[in-house]
Every structure is written in C-alpha cells, then in structure tokens.
Amino acid sequence: MKDYLTVGADLGNDAFKIIGPTKREFCILNISAPWHARRVVNDDTRNPLNLLEVEILSSGQNLGRYFVGKMAYNFNRGIIKERTVADRHKGKAKDLQTRIVLLTAIAVSLLKPNCKQIKEEIILGTMLPTEEYFANQQDNINILRNSLLGTHKVKFLNPIFNGVEVEFDILEVDIQPEGLCALNALMYDEEGEIIQQVASRFGEKMILGLDIGSLTSDVTVLDNLEPRTFFGIDRGTIDPANRILDYIKTEYKVSIPRHKVDSVIIGDGNLLCYGKEIPEFNQICRQYIEQEGRQLIEEFISKATAAGIQLPDISGLILYGGGSLLYKDIIKELLEPVPLLFAENPIMLNALGAWKNARILSKRFVKNSDSVEKEEFSLLSLR
Ligand SMILES: Nc1ncnc2c1ncn2[C@@H]1O[C@H](COP(=O)(O)OP(=O)(O)OP(=O)(O)O)[C@@H](O)[C@H]1O
Ligand SMILES: [Mg+2]
C-alpha cells in the first residue's frame, strides 16, 4: 500500500503551525496582504520564511497574488488582513485569508532543495476552534474539508525561491476540535497506539486540556481517556495585548501594531517610543496580563462548573497554546492545587496531534474510494 505524505496544520489566529511530511516544524504569522511590486533593492535573505510572496491556484480558481506572514506585515501598504477580536465569531472554515495562508504554509512544508517543480499527494490533519467545530450541526467541518480537497498550486514569486512551484493534491482531510489534537499528540504514538505511561497515569480519571490561544481558548474534557465534552472561551493573549495598545495610545498618542506589542511582551519587555523607553512598561504589561489572565481562568472555572465539573474532580489539567506561557503565574496562583501539567512544546502541540491524525488516516486511505473508514475522532476512536 502506498505511503502518502502527511501534513499537520494548526490554523492559529496568531500564527499557523505546520508539521511537514518529514516532521519539520514551521510557524507562519497569520497575516496576508495583496501583492504589489516592491521598491526594494536587496531583501534580507537570511530567513526565506520572511519572503513569502505567492500566487495561488486552488481547485481551478486563481486566488491571486499575496504577501503572507512576516512579509505581509512588512509590505502591506495599509491593507493588512490579520485576525482581530472582531474575527472571534467569524469562523475559519469559510475564510479566504485562512485558506491563502494555509495553502502557502502547506506548500512551504513540501519544498525540497534543488527542485523547481514539486508535485505531491498529501493527507492533511487539521482542526477548527471548538465552538466553530460544533456549531451549525457541524456543517463547518464539511465546508472546510470541501474547500481543501483537490489540487492546489502555489508559485513562489520572490527571487530567493528561484521560481519554484509546488502543486499538491489534498486527498483527504482529518478535522478535529482544536484542543483535542494536542491531547492526541500527548496520548498516542505515531502508530496511533496509546502511550502506556499515559494510560496507567490517567486511565479511569478525568483530565482536561486547556489550550490558550491568541483569540480563543479551547477546553477538552476526557474521562477514561475518552472525550466527554468540549467548550470554548472567547479569551486569549490578544486581550492583554489590546489593553497595552490602548494604554500606549492614550498616554503617548501613538498606535503600534499588535504583533510588535506581542513580541515585546514575550521578549525583553522594552519598547522604544521616539527613542525613549516607556517608564515601567514591563510592570504595566504584567498588570494587564495578570488582569486578563484572571478573567480567563474565572471564565474557565464557571464554564467547567456549568458542564458539571468541579475543580476537585480534575486529576490533571494539561496546559498548552502560547497563552499557557504568558499566563503561567496567574494560572498557578488561581488553579493550584489542581494538578497542572504545562506541555513542553505548547505552541506546536496541536499541529503535532494533527500530523499524527493525518498519519493514522493515511494508513486507512485508499485512493479513488469515497469510503475512508473514518469515525468522528479518528485517533481516539481507533480502538
Ligand atoms: N515564549 C512566550 N512567552 C509568553 N507568551 C508567548 C510566548 N510565545 C508565544 N506567546 C503568546 O502566545 C500567543 C500565541 O499563542 P498560540 O500560537 O497558541 O495562538 P494561536 O493558536 O495562533 O491562536 P488561536 O488558538 O486563538 O487560534 C502569542 O500571541 C503570544 O502572546
Ligand atoms: Mg491555537
């Protein structure tokens, strides 16, 4: 039986996390902008991922030319498509920008050295935010799947890519609720077998996954390692970032891009404004992070209670997503003595789970057959 290439993709509001067929990891900012001819003599070519300018053909339709990721951030001429709080209720399944960034990111993961015409067939594992996944009798799953199945072609326009074109056929797509993918990554090995240490530690018990992203957070409840329920929370790391932006706007009358504030709060905490450091900026950021983190955890507790889960019922709360790093202190302060487990690779974990899901699916996939023997939660329903 043929071994298909598998790709795992986490369509993050902040950044797309991709695991390619060789298990290589990529992170691409979820920003796109219309392409234009630039007046740049020498590009900084140190990181080709910052030079994504592409033309995309998808299922026979020309989607146009775009800057994607960091390049869109640098060369958008004011027309930037990035996800903001207003997009919390605007799904990803129907969203053209999501498709543009995703197809570009998949093409990046399929690049090979010294190969100008690349043609592949892939099986994709991906996800939707919990609330979007379960909305409208789960219609969004089919909408996303149908927009992805088929042949796509991405032409890389920046000279550093030497005219490379990547054509790929997505043969089948596995879609799960966002936070569940990460739990699958932790619970199952690459063959879809449960990891024995996990089974002996958490079998018979209730464990929760809390994925804190930039716009949304997703909770997955497992009982005896089987999904019991799911819920989403409309909060994430964008909230403190926006509060900090408002503060700077009010106090200093300057507007700063959100991604800049984001990189400052996760970096050294210094922000220069007209060459001067903002006094006590670090401390101000910490206050907003704490305040927003507190609200997120309070909402988590109240939604868990509404789902019939009291904190003492929880034998393990597994934390992942970039927000698990940003809010670590406040999470510990508010949730201990719940046993907290902070994932080691929290940002890539969903993508890794999606990659494993795709791998399992690829083993059961038979080309030109409509019936992939697939149940709803492929990995978890393997047994
Ligand atoms: N090292 C770090 N320390 C603290 N915070 C971090 C760190 N790295 C990333 N973050 C935060 O995590 C956020 C991104 O998290 P993540 O990648 O999980 O979001 P996402 O998956 O793109 O969003 P969503 O889940 O809403 O779709 C960043 O905006 C940043 O605030
Ligand atoms: Mg996420």
# chains A, B, ... in the order shown; residues from 1 in each chain; ligands from 1

$ residues_near_ligand --ligand "ligand 2" --cutoff "6 Å" --atoms "only C-alpha atoms and all ligand atoms" --output "PyMOL selection string"
chain A and resi 12+213+321

$ write_last_selection --atoms "C-alpha atoms" --output "PDB file, in the first residue's frame"
ATOM      1  CA  GLY A  12      -3.844  29.646  14.591  1.00  0.00           C
ATOM      2  CA  GLY A 213      -4.560  30.724  22.053  1.00  0.00           C
ATOM      3  CA  GLY A 321      -1.062  27.100  23.451  1.00  0.00           C
TER       4      GLY A 321
END

$ residues_near_ligand --ligand "ligand 1" --cutoff "9 Å" --atoms "only C-alpha atoms and all ligand atoms" --output "ChimeraX atom specification"
/A:10-17,27,29-30,88,128-129,178-179,211-218,234-238,240-241,258-259,261-263,265-267,320-328,346-348,350

$ write_last_selection --atoms "C-alpha atoms" --output "PDB file, in the first residue's frame"
ATOM      1  CA  ASP A  10      -2.942  24.324  13.242  1.00  0.00           C
ATOM      2  CA  LEU A  11      -4.763  27.328  11.720  1.00  0.00           C
ATOM      3  CA  GLY A  12      -3.844  29.646  14.591  1.00  0.00           C
ATOM      4  CA  ASN A  13      -5.299  33.139  14.749  1.00  0.00           C
ATOM      5  CA  ASP A  14      -1.856  34.423  15.607  1.00  0.00           C
ATOM      6  CA  ALA A  15       0.296  32.025  13.595  1.00  0.00           C
ATOM      7  CA  PHE A  16      -0.121  28.867  11.543  1.00  0.00           C
ATOM      8  CA  LYS A  17       1.807  25.955  12.972  1.00  0.00           C
ATOM      9  CA  CYS A  27       5.463  28.755  12.181  1.00  0.00           C
ATOM     10  CA  LEU A  29       2.258  34.558  11.066  1.00  0.00           C
ATOM     11  CA  ASN A  30      -1.430  34.521  10.144  1.00  0.00           C
ATOM     12  CA  ARG A  88     -13.717  35.783  17.089  1.00  0.00           C
ATOM     13  CA  LEU A 128     -11.343  24.091  13.956  1.00  0.00           C
ATOM     14  CA  PRO A 129     -11.899  26.066  17.167  1.00  0.00           C
ATOM     15  CA  GLU A 178      -8.684  22.371  18.268  1.00  0.00           C
ATOM     16  CA  GLY A 179      -7.697  21.369  21.770  1.00  0.00           C
ATOM     17  CA  ASP A 211      -5.460  25.381  25.017  1.00  0.00           C
ATOM     18  CA  ILE A 212      -4.952  29.124  25.466  1.00  0.00           C
ATOM     19  CA  GLY A 213      -4.560  30.724  22.053  1.00  0.00           C
ATOM     20  CA  SER A 214      -4.450  34.304  20.892  1.00  0.00           C
ATOM     21  CA  LEU A 215      -8.162  34.868  20.206  1.00  0.00           C
ATOM     22  CA  THR A 216      -9.844  31.801  21.615  1.00  0.00           C
ATOM     23  CA  SER A 217      -9.182  29.175  24.243  1.00  0.00           C
ATOM     24  CA  ASP A 218     -10.432  25.604  23.965  1.00  0.00           C
ATOM     25  CA  ASP A 234     -13.645  33.784  23.880  1.00  0.00           C
ATOM     26  CA  ARG A 235     -10.443  34.942  25.500  1.00  0.00           C
ATOM     27  CA  GLY A 236      -6.762  34.707  24.733  1.00  0.00           C
ATOM     28  CA  THR A 237      -3.463  36.540  24.629  1.00  0.00           C
ATOM     29  CA  ILE A 238      -4.839  39.233  22.317  1.00  0.00           C
ATOM     30  CA  PRO A 240      -3.763  41.960  27.313  1.00  0.00           C
ATOM     31  CA  ALA A 241      -2.022  42.976  24.063  1.00  0.00           C
ATOM     32  CA  ARG A 258      -0.315  44.418  17.823  1.00  0.00           C
ATOM     33  CA  HIS A 259       2.369  41.992  16.729  1.00  0.00           C
ATOM     34  CA  VAL A 261       3.467  44.686  21.328  1.00  0.00           C
ATOM     35  CA  ASP A 262       3.171  40.905  21.350  1.00  0.00           C
ATOM     36  CA  SER A 263       6.841  40.417  20.569  1.00  0.00           C
ATOM     37  CA  ILE A 265       5.719  41.275  25.987  1.00  0.00           C
ATOM     38  CA  ILE A 266       7.163  37.861  25.235  1.00  0.00           C
ATOM     39  CA  GLY A 267      10.645  39.274  24.713  1.00  0.00           C
ATOM     40  CA  TYR A 320      -0.797  24.315  26.059  1.00  0.00           C
ATOM     41  CA  GLY A 321      -1.062  27.100  23.451  1.00  0.00           C
ATOM     42  CA  GLY A 322       1.061  30.248  23.673  1.00  0.00           C
ATOM     43  CA  GLY A 323      -1.177  31.580  26.459  1.00  0.00           C
ATOM     44  CA  SER A 324      -0.020  28.792  28.783  1.00  0.00           C
ATOM     45  CA  LEU A 325       3.373  30.526  28.718  1.00  0.00           C
ATOM     46  CA  LEU A 326       2.036  34.053  29.054  1.00  0.00           C
ATOM     47  CA  TYR A 327      -0.371  33.285  31.901  1.00  0.00           C
ATOM     48  CA  LYS A 328       1.660  30.626  33.712  1.00  0.00           C
ATOM     49  CA  PRO A 346       2.942  24.121  23.937  1.00  0.00           C
ATOM     50  CA  ILE A 347       2.775  26.074  20.701  1.00  0.00           C
ATOM     51  CA  MET A 348       3.354  23.190  18.272  1.00  0.00           C
ATOM     52  CA  ASN A 350      -1.933  20.912  18.218  1.00  0.00           C
TER      53      ASN A 350
END

$ residues_around --residues "Leu149 in chain A" --least-positions-apart "2" --cutoff "10 Å" --atoms "only C-alpha atoms" --output "CSV table (one decimal) with N, CA and C atoms, in the first residue's frame"
chain,number,residue,atom,x,y,z
A,58,SER,N,-6.3,27.4,-6.7
A,58,SER,CA,-6.9,26.5,-5.8
A,58,SER,C,-8.1,25.9,-6.5
A,59,SER,N,-8.1,24.6,-6.7
A,59,SER,CA,-9.2,23.9,-7.4
A,59,SER,C,-9.7,24.6,-8.7
A,122,ILE,N,-1.1,14.6,-0.8
A,122,ILE,CA,-0.9,14.6,0.7
A,122,ILE,C,-2.3,14.3,1.4
A,123,ILE,N,-2.1,13.8,2.6
A,123,ILE,CA,-3.2,13.7,3.6
A,123,ILE,C,-3.0,14.8,4.6
A,124,LEU,N,-4.1,15.6,4.9
A,124,LEU,CA,-3.9,16.7,5.8
A,124,LEU,C,-4.7,16.4,7.1
A,144,LEU,N,-15.0,23.3,5.4
A,144,LEU,CA,-13.5,23.4,5.4
A,144,LEU,C,-13.0,22.2,4.5
A,145,ARG,N,-13.5,21.1,4.8
A,145,ARG,CA,-13.0,19.9,4.1
A,145,ARG,C,-13.1,20.1,2.5
A,146,ASN,N,-14.3,20.5,2.1
A,146,ASN,CA,-14.6,20.7,0.7
A,146,ASN,C,-13.7,21.8,0.1
A,147,SER,N,-13.4,22.8,0.9
A,147,SER,CA,-12.6,23.8,0.3
A,147,SER,C,-11.1,23.4,0.2
A,151,THR,N,-6.8,19.9,-6.0
A,151,THR,CA,-5.5,20.2,-6.4
A,151,THR,C,-5.2,21.7,-6.2
A,152,HIS,N,-4.1,22.0,-5.7
A,152,HIS,CA,-3.7,23.4,-5.4
A,152,HIS,C,-2.3,23.7,-6.0
A,169,ASP,N,-2.0,17.8,-4.2
A,169,ASP,CA,-3.4,17.3,-4.3
A,169,ASP,C,-3.7,16.8,-2.8
A,170,ILE,N,-4.7,17.5,-2.2
A,170,ILE,CA,-5.1,17.1,-0.9
A,170,ILE,C,-6.1,15.9,-1.1
A,171,LEU,N,-5.8,14.7,-0.7
A,171,LEU,CA,-6.6,13.6,-1.0
A,171,LEU,C,-7.7,13.4,0.1
A,172,GLU,N,-7.3,13.7,1.3
A,172,GLU,CA,-8.3,13.5,2.4
A,172,GLU,C,-7.8,14.4,3.6
A,173,VAL,N,-8.8,14.8,4.3
A,173,VAL,CA,-8.6,15.8,5.4
A,173,VAL,C,-9.2,15.3,6.7

$ residues_around --residues "Gly293 in chain A" --least-positions-apart "2" --cutoff "8 Å" --atoms "only C-alpha atoms" --output "MDAnalysis selection string"
chainID A and resid 289:291 295:297 327 330:331

$ select_by_dssp --residues "range 75-146 of chain A" --states "alpha helix (DSSP H)" --output "number ranges by chain"
A: 96-110, 130-134, 139-146

$ write_last_selection --atoms "C-alpha atoms" --output "PDB file, in the first residue's frame"
ATOM      1  CA  LEU A  96     -10.469  33.127   2.312  1.00  0.00           C
ATOM      2  CA  GLN A  97      -7.492  34.566   4.217  1.00  0.00           C
ATOM      3  CA  THR A  98      -7.250  31.380   6.248  1.00  0.00           C
ATOM      4  CA  ARG A  99      -7.193  29.378   3.002  1.00  0.00           C
ATOM      5  CA  ILE A 100      -4.493  31.605   1.491  1.00  0.00           C
ATOM      6  CA  VAL A 101      -2.192  31.293   4.498  1.00  0.00           C
ATOM      7  CA  LEU A 102      -2.902  27.560   4.837  1.00  0.00           C
ATOM      8  CA  LEU A 103      -2.175  26.699   1.197  1.00  0.00           C
ATOM      9  CA  THR A 104       1.014  28.769   1.338  1.00  0.00           C
ATOM     10  CA  ALA A 105       2.082  27.087   4.566  1.00  0.00           C
ATOM     11  CA  ILE A 106       1.443  23.597   3.164  1.00  0.00           C
ATOM     12  CA  ALA A 107       3.468  24.465   0.053  1.00  0.00           C
ATOM     13  CA  VAL A 108       6.332  25.675   2.261  1.00  0.00           C
ATOM     14  CA  SER A 109       6.316  22.369   4.117  1.00  0.00           C
ATOM     15  CA  LEU A 110       6.619  20.494   0.796  1.00  0.00           C
ATOM     16  CA  THR A 130     -14.212  24.076  19.454  1.00  0.00           C
ATOM     17  CA  GLU A 131     -17.191  26.417  19.167  1.00  0.00           C
ATOM     18  CA  GLU A 132     -16.907  26.595  15.368  1.00  0.00           C
ATOM     19  CA  TYR A 133     -16.453  22.834  15.110  1.00  0.00           C
ATOM     20  CA  PHE A 134     -19.711  22.073  16.905  1.00  0.00           C
ATOM     21  CA  ASP A 139     -21.534  21.982   8.883  1.00  0.00           C
ATOM     22  CA  ASN A 140     -18.266  23.878   9.189  1.00  0.00           C
ATOM     23  CA  ILE A 141     -16.303  20.638   9.078  1.00  0.00           C
ATOM     24  CA  ASN A 142     -17.635  19.844   5.607  1.00  0.00           C
ATOM     25  CA  ILE A 143     -17.213  23.421   4.420  1.00  0.00           C
ATOM     26  CA  LEU A 144     -13.536  23.388   5.391  1.00  0.00           C
ATOM     27  CA  ARG A 145     -12.975  19.880   4.058  1.00  0.00           C
ATOM     28  CA  ASN A 146     -14.587  20.650   0.683  1.00  0.00           C
TER      29      ASN A 146
END

$ select_by_dssp --residues "range 164-313 of chain A" --states "strand (DSSP E or B)" --output "MDAnalysis selection string"
chainID A and resid 165:177 188 194 206:212 217:223 226:233 272:273 276:277

$ decode --residues "range 35-84 of chain A" --atoms "C-alpha atoms" --output "PDB file, in the first residue's frame"
ATOM      1  CA  TRP A  35       0.802  41.573  -3.538  1.00  0.00           C
ATOM      2  CA  HIS A  36       2.434  44.573  -5.233  1.00  0.00           C
ATOM      3  CA  ALA A  37       5.746  45.237  -6.929  1.00  0.00           C
ATOM      4  CA  ARG A  38       8.054  46.484  -4.191  1.00  0.00           C
ATOM      5  CA  ARG A  39      10.798  49.120  -4.319  1.00  0.00           C
ATOM      6  CA  VAL A  40      13.360  47.046  -2.532  1.00  0.00           C
ATOM      7  CA  VAL A  41      16.848  46.608  -3.905  1.00  0.00           C
ATOM      8  CA  ASN A  42      18.147  43.954  -1.545  1.00  0.00           C
ATOM      9  CA  ASP A  43      15.888  41.752   0.522  1.00  0.00           C
ATOM     10  CA  ASP A  44      17.185  40.418   3.801  1.00  0.00           C
ATOM     11  CA  THR A  45      17.503  36.807   2.655  1.00  0.00           C
ATOM     12  CA  ARG A  46      18.551  35.241   5.937  1.00  0.00           C
ATOM     13  CA  ASN A  47      15.138  33.687   6.521  1.00  0.00           C
ATOM     14  CA  PRO A  48      13.192  32.684   3.369  1.00  0.00           C
ATOM     15  CA  LEU A  49      10.082  32.232   5.521  1.00  0.00           C
ATOM     16  CA  ASN A  50      10.040  36.038   5.778  1.00  0.00           C
ATOM     17  CA  LEU A  51       9.932  36.292   1.975  1.00  0.00           C
ATOM     18  CA  LEU A  52       6.650  34.598   1.158  1.00  0.00           C
ATOM     19  CA  GLU A  53       5.113  36.269  -1.865  1.00  0.00           C
ATOM     20  CA  VAL A  54       2.908  33.820  -3.699  1.00  0.00           C
ATOM     21  CA  GLU A  55       0.382  33.260  -6.442  1.00  0.00           C
ATOM     22  CA  ILE A  56      -2.215  30.643  -5.574  1.00  0.00           C
ATOM     23  CA  LEU A  57      -4.404  28.484  -7.772  1.00  0.00           C
ATOM     24  CA  SER A  58      -6.899  26.462  -5.845  1.00  0.00           C
ATOM     25  CA  SER A  59      -9.224  23.853  -7.399  1.00  0.00           C
ATOM     26  CA  GLY A  60      -9.044  25.565 -10.797  1.00  0.00           C
ATOM     27  CA  GLN A  61      -9.564  29.061  -9.393  1.00  0.00           C
ATOM     28  CA  ASN A  62      -6.860  31.732  -9.348  1.00  0.00           C
ATOM     29  CA  LEU A  63      -6.979  33.226  -5.858  1.00  0.00           C
ATOM     30  CA  GLY A  64      -4.444  35.926  -6.768  1.00  0.00           C
ATOM     31  CA  ARG A  65      -1.072  37.108  -5.530  1.00  0.00           C
ATOM     32  CA  TYR A  66      -0.342  37.769  -1.890  1.00  0.00           C
ATOM     33  CA  PHE A  67       2.283  38.565   0.665  1.00  0.00           C
ATOM     34  CA  VAL A  68       1.998  36.078   3.504  1.00  0.00           C
ATOM     35  CA  GLY A  69       3.321  36.026   7.070  1.00  0.00           C
ATOM     36  CA  LYS A  70       6.091  38.410   8.084  1.00  0.00           C
ATOM     37  CA  MET A  71       6.247  39.751   4.548  1.00  0.00           C
ATOM     38  CA  ALA A  72       2.627  40.891   4.718  1.00  0.00           C
ATOM     39  CA  TYR A  73       3.454  42.589   7.998  1.00  0.00           C
ATOM     40  CA  ASN A  74       6.359  44.456   6.367  1.00  0.00           C
ATOM     41  CA  PHE A  75       4.872  45.342   2.961  1.00  0.00           C
ATOM     42  CA  ASN A  76       1.113  45.705   3.369  1.00  0.00           C
ATOM     43  CA  ARG A  77       0.644  49.350   2.248  1.00  0.00           C
ATOM     44  CA  GLY A  78      -2.040  49.633   4.907  1.00  0.00           C
ATOM     45  CA  ILE A  79      -4.148  46.732   3.581  1.00  0.00           C
ATOM     46  CA  ILE A  80      -3.376  44.055   6.116  1.00  0.00           C
ATOM     47  CA  LYS A  81      -5.543  41.018   6.797  1.00  0.00           C
ATOM     48  CA  GLU A  82      -4.912  39.812  10.298  1.00  0.00           C
ATOM     49  CA  ARG A  83      -7.264  38.295  12.831  1.00  0.00           C
ATOM     50  CA  THR A  84      -8.613  40.678  15.461  1.00  0.00           C
TER      51      THR A  84
END
